[in-house]
There are 4 protein chains.
Amino acid sequence: MSHLERIGISLDKDILSRFDALITGQGYPNRSEAIRDLIRRRLSEEELEKPTARAIAGVFLVYDHHSTGLSRKMLELQHHNLLQTVSSLHVHLDHENCLEIIVLKGRVKDISQVSDKLTSLKGVKLSRVNFLALGK
Amino acid sequence: MSHLERIGISLDKDILSRFDALITGQGYPNRSEAIRDLIRRRLSEEELEKPTARAIAGVFLVYDHHSTGLSRKMLELQHHNLLQTVSSLHVHLDHENCLEIIVLKGRVKDISQVSDKLTSLKGVKLSRVNFLALGK
Amino acid sequence: MSHLERIGISLDKDILSRFDALITGQGYPNRSEAIRDLIRRRLSEEELEKPTARAIAGVFLVYDHHSTGLSRKMLELQHHNLLQTVSSLHVHLDHENCLEIIVLKGRVKDISQVSDKLTSLKGVKLSRVNFLALGK
Amino acid sequence: MSHLERIGISLDKDILSRFDALITGQGYPNRSEAIRDLIRRRLSEEELEKPTARAIAGVFLVYDHHSTGLSRKMLELQHHNLLQTVSSLHVHLDHENCLEIIVLKGRVKDISQVSDKLTSLKGVKLSRVNFLALGK
């Protein structure tokens, strides 16, 4: 459990009222919570710029499940020796397409390398990778 | 099963050799596959600019699992009447943090609205949303 | 001149010390200034999601200045009747390439439409658009 | 002047007709031109991931021109010894705000460092950086 610290900041009245309107619309209970989220996102972005930062990533792949051999190749790549495949989720989209979300843990550059390989597999139609840095 | 069509394009020799080096490094079996991926990504980006486009999205949430009541609120939001919660995946990160990936299907603007609400829940520390448009 | 308001927020000690380290490295004089920037960026992002929002944009174009007729077509597009071309900047990159930055003022969707046309002109090799929303 | 090479690629009929509709709407004269743009953008993205890549960047700054001393500090930063300030453009937005676009040439990481410093100057309200890699 970490300790809370209270800080004061000064802001333009106009900026503040626009920010209040935005975060109320989004459902934030108070300003502290909303500003904490902005700060955490900024720290995570900063962290992810280092190729050796440790991160957790979700690789999204939409693929044709008629492609023979794709699943096997995907499994092999997930068992890359520098990465930990935490989990994966399979969604049946329609009679032709599947969505696979693979959660990987490791260094940013190792994850990128594996996700590049996944993306380029024949049969994979769309892909996207989401990185989250958790600090230490 | 859709029909393939063959088209010809002309390219700078220099650009082509740099592109070949890049896609070989990524593991693409050939240029057609790599160019198809660029085109699909472009079409998906274009599609996602329309707020009424139908999409599939993965909402990533890192949250403190000591936050009482968070799971219940997350469940309520997933049962938003305009969206279909396709599936969700829960990963235990460490003794304090969890990762939840929620796969939602619906219109871009409805998904955004719900993911804003999820992001702003007290206890949620980091979040990110990934959209994929699948065309029709 | 707008009025300043002072608000208090509470933050994890750990998050706060990482944030302090980041912003000191970037050169911020104090936390208020850094948090104000995060808030302004968030408001601008939010604003830019509306296609009718008024914005100022910089269109970056790298092009081959041997392409005959390109400059004339670029000028015509800048004189789109729904937009105001505020200014433009021309940089000579090397004996083949030029960079042109065109500053446009108008609604997000009108700017996007014109920048799409600029991007697709024969001879334009790379392009990127930067939007800034200034609120009212 | 570089040599053109002609390559053939095969594509889904459906994907192709959606791509044709998109690029016709954008104003592309033909598919080669549109695919070349996708490839150049991909190469530029790839290049920019290397912190030592040479790039050209546009730093956008919206700032309060009443802030005393800001212009002087901006000038000092532009004269960073590892960067070349190619050019800059000043736009008067309203009676309070100015837009300054500074074109910098150098390595990605040196540009990032200077643009961080510019962004964090007191009086700067919004900022954004646009990188373009031009290959060698």
# chains A, B, ... in the order shown; residues from 1 in each chain; ligands from 1
>>> closest_atom_pairs(of="chain B", to="chain A", cutoff="9 Å", atoms="only C-alpha atoms", output="JSON lines")
{"residue": "B:Met1", "atom": "CA", "partner": "A:Glu96", "partner_atom": "CA", "distance": 8.4}
{"residue": "B:Ile23", "atom": "CA", "partner": "A:Ser120", "partner_atom": "CA", "distance": 8.1}
{"residue": "B:Gly25", "atom": "CA", "partner": "A:Lys117", "partner_atom": "CA", "distance": 8.7}
{"residue": "B:Gln26", "atom": "CA", "partner": "A:Asp116", "partner_atom": "CA", "distance": 5.5}
{"residue": "B:Gly27", "atom": "CA", "partner": "A:Lys117", "partner_atom": "CA", "distance": 5.6}
{"residue": "B:Tyr28", "atom": "CA", "partner": "A:Ser120", "partner_atom": "CA", "distance": 4.9}
{"residue": "B:Pro29", "atom": "CA", "partner": "A:Lys122", "partner_atom": "CA", "distance": 7.4}
{"residue": "B:Glu33", "atom": "CA", "partner": "A:Lys122", "partner_atom": "CA", "distance": 6.9}
{"residue": "B:Ala34", "atom": "CA", "partner": "A:Ser120", "partner_atom": "CA", "distance": 7.1}
{"residue": "B:Arg36", "atom": "CA", "partner": "A:Lys125", "partner_atom": "CA", "distance": 8.1}
{"residue": "B:Asp37", "atom": "CA", "partner": "A:Lys125", "partner_atom": "CA", "distance": 6.4}
{"residue": "B:Arg40", "atom": "CA", "partner": "A:Leu126", "partner_atom": "CA", "distance": 6.7}
{"residue": "B:Arg41", "atom": "CA", "partner": "A:Leu126", "partner_atom": "CA", "distance": 6.5}
{"residue": "B:Ser44", "atom": "CA", "partner": "A:Leu126", "partner_atom": "CA", "distance": 8.4}
{"residue": "B:Gly58", "atom": "CA", "partner": "A:Phe60", "partner_atom": "CA", "distance": 8.3}
{"residue": "B:Phe60", "atom": "CA", "partner": "A:Gly58", "partner_atom": "CA", "distance": 8.3}
{"residue": "B:Val62", "atom": "CA", "partner": "A:Leu132", "partner_atom": "CA", "distance": 8.7}
{"residue": "B:Val86", "atom": "CA", "partner": "A:Val91", "partner_atom": "CA", "distance": 7.5}
{"residue": "B:Ser87", "atom": "CA", "partner": "A:Val91", "partner_atom": "CA", "distance": 7.4}
{"residue": "B:Ser88", "atom": "CA", "partner": "A:Leu89", "partner_atom": "CA", "distance": 7.9}
{"residue": "B:Leu89", "atom": "CA", "partner": "A:Leu89", "partner_atom": "CA", "distance": 6.6}
{"residue": "B:His90", "atom": "CA", "partner": "A:Ser87", "partner_atom": "CA", "distance": 8.7}
{"residue": "B:Val91", "atom": "CA", "partner": "A:Ser87", "partner_atom": "CA", "distance": 7.3}
{"residue": "B:Glu96", "atom": "CA", "partner": "A:Met1", "partner_atom": "CA", "distance": 8.5}
{"residue": "B:Ile101", "atom": "CA", "partner": "A:Gly58", "partner_atom": "CA", "distance": 8.6}
{"residue": "B:Val103", "atom": "CA", "partner": "A:Val91", "partner_atom": "CA", "distance": 8.7}
{"residue": "B:Gln113", "atom": "CA", "partner": "A:Gln26", "partner_atom": "CA", "distance": 7.7}
{"residue": "B:Val114", "atom": "CA", "partner": "A:Gln26", "partner_atom": "CA", "distance": 8.9}
{"residue": "B:Asp116", "atom": "CA", "partner": "A:Gln26", "partner_atom": "CA", "distance": 5.4}
{"residue": "B:Lys117", "atom": "CA", "partner": "A:Gln26", "partner_atom": "CA", "distance": 5.4}
{"residue": "B:Leu118", "atom": "CA", "partner": "A:Gly27", "partner_atom": "CA", "distance": 8.6}
{"residue": "B:Thr119", "atom": "CA", "partner": "A:Gln26", "partner_atom": "CA", "distance": 8.3}
{"residue": "B:Ser120", "atom": "CA", "partner": "A:Tyr28", "partner_atom": "CA", "distance": 4.9}
{"residue": "B:Leu121", "atom": "CA", "partner": "A:Tyr28", "partner_atom": "CA", "distance": 6.5}
{"residue": "B:Lys122", "atom": "CA", "partner": "A:Glu33", "partner_atom": "CA", "distance": 6.9}
{"residue": "B:Gly123", "atom": "CA", "partner": "A:Glu33", "partner_atom": "CA", "distance": 8.8}
{"residue": "B:Val124", "atom": "CA", "partner": "A:Asp37", "partner_atom": "CA", "distance": 8.3}
{"residue": "B:Lys125", "atom": "CA", "partner": "A:Asp37", "partner_atom": "CA", "distance": 6.4}
{"residue": "B:Leu126", "atom": "CA", "partner": "A:Arg41", "partner_atom": "CA", "distance": 6.5}
{"residue": "B:Ser127", "atom": "CA", "partner": "A:Arg41", "partner_atom": "CA", "distance": 8.1}
{"residue": "B:Arg128", "atom": "CA", "partner": "A:Asn130", "partner_atom": "CA", "distance": 7.6}
{"residue": "B:Val129", "atom": "CA", "partner": "A:Asn130", "partner_atom": "CA", "distance": 8.4}
{"residue": "B:Asn130", "atom": "CA", "partner": "A:Asn130", "partner_atom": "CA", "distance": 7.4}
{"residue": "B:Phe131", "atom": "CA", "partner": "A:Arg128", "partner_atom": "CA", "distance": 8.8}
{"residue": "B:Leu132", "atom": "CA", "partner": "A:Leu126", "partner_atom": "CA", "distance": 7.8}
{"residue": "B:Leu134", "atom": "CA", "partner": "A:Leu126", "partner_atom": "CA", "distance": 8.7}
>>> select_by_dssp(residues="segment 34-105 of chain C", states="strand (DSSP E)", output="ChimeraX atom specification")
/C:54-64,84-92,97-105
>>> select_by_dssp(residues="chain D", states="helix (DSSP H, G or I)", output="ChimeraX atom specification")
/D:13-26,31-48,70-78,108-119
>>> residues_around(residues="Lys109 of chain A", least_positions_apart="5", cutoff="10 Å", atoms="only C-alpha atoms", output="PyMOL selection string")
chain A and resi 48+50-55+114-115
